[in-house]
Amino acid sequence: MSYTRQALYPCNPGTERGRSTKLSAANVKGSDKVIYVNGRGVIVLDLRNPASSISFTGHVKETTVARFSPSGFYCASADVSGLVKIWDTVKEDQAITGEYKVISGRINDLAWDADSERIIAGGDGREKFGHAFMRSTGTSTGEITGHSKVINAVSIRTKRPYRAVTAGDDGLINFHQGPPFKYVKTIREHTKFVQDVQFSPNGDHFLSVGSDFKAVLYNGENGDKISDFTDKPHKGSIMACSWSSGSDKFITSSMDNTVKLWDAGSQRQLTTWSFDKGVPNQQVGNVWVNQNEIVSLSMGGDLNVIDVREGNLKLTRLIQAPQKSVTSAAPGPSTTFLAGSADGRVFQYDTGPEAGSVKVGGEGHTNLVSAMTGSAGGKFYSVGFDDKLREVEASSRFTSASFGLAGQPKSLVATVDGTIFVVQTENSGKSRVQAIRNNQAVYTLQPTYKAVSMAASGNVVVLGGEDDNKIHVYNWDGQTSKLAETAVSESINTRGQITAVAVSAKGEYVAAGDSVGKIVLFNTKGEKLADKWTHHAARVASLSFNTSSTHVASTSLDTHVYVYSVASPYSKYVHIRGAAPMGGSAVFWLGDGEGGKQEKGRVASSGADGCVRVWEVALP
């Protein structure tokens, strides 16, 4: 194959106010993998090396929950339409072994039996709120009844005789036995929504937690109540619980911004981990991963890795990544790059030995980050739909300075002297290009065409016209602070409009992509060099030249990435299929090869699934 995936930097779980987010860990000994959902994707996060994580993108509707089978060979994932997909977690092709529509609405939780053969789904259906079925055939294996409102959580006893419990918004816990599963009794211990219920790994007990701040322990065989946990209880809704592998301890995560460790035998609290005040630090999900580590999820999307050994009150690690689509990105020095997301947050990534991502601190954007660029001195700049230009320091923090823009920003570049150019669309629909230096506007251009995309290299600035479908080449004079037009190309002659442009590092070539997937190569004199790059089937979202100016990478809403050769534009290219699931938004180079026909380059792609993938490509 002409390309290999080097890394996948995953998004973090999606969260929603008032709803418990389900996390699951692989039950295979020695595994440190956590599975969760975001958007239409399922993420299997490797806690030891996040870059080696994997994703499953087989759902067409928004996913709601994913659970590993006890054997570790399969995963069951569900979505808002009531569809459950069973897929292979071992092989790279992630083959779907089963696909079943089990209820007519959103599925909130799934539970496997110990044989990895039976599954119970619970959620918000029209005719029923839960369904028990076989993994291999989808046939019913009992009835899940007794609820009058949506089911929030499901759990199956891990040893025979099997028992199952379901918990819902009606404040009830229903106890079932089987298989085939049938209703036995209703447990009324909670006065508000029951958010989570979990059997212990040895099957002797199960635990329920809810919005009434209560945690209750029950006998796992008959469902009889054993005890309430009243020793230093939570002061907010308890959203999740998880047992240790020894079944002697469990953790609870609450909207009072705390995580508590409890001893099941003595019903005593052992440790409390407190987070800063505020909604983003409310704890809405958790999972006990291995013998000593737990993961708790904050409302703001942070995954908090905690060592539960006695006396340890600090986080072991904080995993930060986008919760929404990645909308823009820019390469940085050495092995780093920055990416902005649809909710206004910016993250710095490191592809080196310390692989991972961290949120850029300080006061950032309040809306979608539409463009980013690097500048001299290791600084980055970003613009967002809050109509602000902001600066990111090399220390990965936003500076206090911001520049207010006159319209909605579309594109952002920097010239060699550190001048920042922003393409904006005013309320009247006209375009404006502003040159900004030291947080002051030094030049404004009002083009006669509608400019929506821009690129720069050295002092060469290139604008793409949406209405005239032409490339406009300018030269920036930093001494006089003026932009002079030096060339205009002929129209690219397509059915679409120009949506993305790129200029080579040496200022020799310009690439322009349009809304129907066509890419045209020009020189900076405006002369057309190639117009047969027509492989994309949808809007070209981003283009990038490598530093040697020998190859162009492109990504599109069709989810693919193409790498083209400038020297052989009509015969050689590399096609990376599905490189940006759900639609690409940015593509850029992280480095070039050492030369020769078999040289390789690294290309990073990002898109609507919130993940960033790094590819090693044998350059054509």
# chains A, B, ... in the order shown; residues from 1 in each chain; ligands from 1

$ residues_around --residues "region 579-590 of chain A" --least-positions-apart "4" --cutoff "8 Å" --atoms "only C-alpha atoms" --output "VMD selection string"
chain A and resid 57 326 to 331 335 541 to 547 553 to 561 601 to 609 613

$ closest_residue --among "A:Cys611, A:Tyr183, A:Met454, A:Ser71" --to "Tyr349 (chain A)" --atoms "only C-alpha atoms"
A:Cys611

$ residues_around --residues "region 87-98 of chain A" --least-positions-apart "6" --cutoff "12 Å" --atoms "only C-alpha atoms" --output "count of residues only"
35

$ residues_around --residues "Tyr100 (chain A)" --least-positions-apart "2" --cutoff "6 Å" --atoms "only C-alpha atoms" --output "PyMOL selection string"
chain A and resi 83-84+102

$ residues_around --residues "Val184 (chain A)" --least-positions-apart "2" --cutoff "9 Å" --atoms "only C-alpha atoms" --output "ChimeraX atom specification"
/A:174-177,182,186

$ write_last_selection --atoms "N, CA, C and O atoms" --output "PDB file, in the first residue's frame"
ATOM      1  N   ASN A 174     -35.938  -2.244  37.805  1.00  0.00           N
ATOM      2  CA  ASN A 174     -36.657  -3.491  37.564  1.00  0.00           C
ATOM      3  C   ASN A 174     -35.680  -4.657  37.503  1.00  0.00           C
ATOM      4  O   ASN A 174     -34.657  -4.590  36.817  1.00  0.00           O
ATOM      5  N   PHE A 175     -36.038  -5.710  38.239  1.00  0.00           N
ATOM      6  CA  PHE A 175     -35.182  -6.881  38.400  1.00  0.00           C
ATOM      7  C   PHE A 175     -35.724  -8.013  37.521  1.00  0.00           C
ATOM      8  O   PHE A 175     -36.919  -8.331  37.570  1.00  0.00           O
ATOM      9  N   HIS A 176     -34.850  -8.590  36.675  1.00  0.00           N
ATOM     10  CA  HIS A 176     -35.231  -9.659  35.752  1.00  0.00           C
ATOM     11  C   HIS A 176     -34.362 -10.881  35.990  1.00  0.00           C
ATOM     12  O   HIS A 176     -33.230 -10.783  36.471  1.00  0.00           O
ATOM     13  N   GLN A 177     -34.893 -12.047  35.643  1.00  0.00           N
ATOM     14  CA  GLN A 177     -34.089 -13.270  35.670  1.00  0.00           C
ATOM     15  C   GLN A 177     -34.216 -13.968  34.321  1.00  0.00           C
ATOM     16  O   GLN A 177     -35.161 -13.752  33.573  1.00  0.00           O
ATOM     17  N   LYS A 182     -37.123 -12.414  32.089  1.00  0.00           N
ATOM     18  CA  LYS A 182     -38.500 -12.057  32.403  1.00  0.00           C
ATOM     19  C   LYS A 182     -38.534 -11.233  33.682  1.00  0.00           C
ATOM     20  O   LYS A 182     -37.668 -11.365  34.553  1.00  0.00           O
ATOM     21  N   THR A 186     -40.102  -4.968  41.028  1.00  0.00           N
ATOM     22  CA  THR A 186     -39.697  -3.567  40.925  1.00  0.00           C
ATOM     23  C   THR A 186     -39.134  -3.114  42.256  1.00  0.00           C
ATOM     24  O   THR A 186     -39.699  -3.404  43.325  1.00  0.00           O
TER      25      THR A 186
END

$ closest_residue --among "A:Gly356, A:Pro13, A:Pro409, A:Pro233" --to "Leu47 (chain A)" --atoms "only C-alpha atoms"
A:Gly356

$ closest_residue --among "A:Asn202, A:Thr425, A:Ser52, A:Asn469" --to "Ala114 (chain A)" --atoms "only C-alpha atoms"
A:Asn202

$ select_by_dssp --residues "region 258-459 of chain A" --states "strand (DSSP E)" --output "PyMOL selection string"
chain A and resi 258-263+268-274+283-288+293-298+303-307+315-319+326-331+336-341+346-350+356-359+369-374+380-384+388-392+398-404+408-414+420-425+431-437+440-445+451-457

$ atom_distance --atom1 "CA of Ser298 (chain A)" --atom2 "CA of Arg106 (chain A)"
22.5 Å

$ closest_atom_pairs --of "region 47-157 of chain A" --to "region 310-320 of chain A" --cutoff "12 Å" --atoms "only C-alpha atoms" --output "tab-separated table"
residue	atom	partner	partner_atom	distance
A:Leu47	CA	A:Ile319	CA	8.8
A:Arg48	CA	A:Arg317	CA	10.6
A:Asn49	CA	A:Ile319	CA	11.2
A:Pro50	CA	A:Ile319	CA	9.0

$ closest_residue --among "A:Ser395, A:Asn459, A:Asn286, A:Thr480" --to "Ile306 (chain A)" --atoms "only C-alpha atoms"
A:Asn286

$ residues_around --residues "Ala215 (chain A)" --least-positions-apart "4" --cutoff "8 Å" --atoms "only C-alpha atoms" --output "list in words"
Leu207, Ser208, Val209, Gly210, Asp228, Phe229 and Ile238 of chain A

$ residues_around --residues "Val462 (chain A)" --least-positions-apart "2" --cutoff "8 Å" --atoms "only C-alpha atoms" --output "PyMOL selection string"
chain A and resi 454-456+460+464+471-474+501-503+510

$ closest_residue --among "A:Ile436, A:Leu389, A:Ala164, A:Met372" --to "Gly407 (chain A)" --atoms "only C-alpha atoms"
A:Leu389
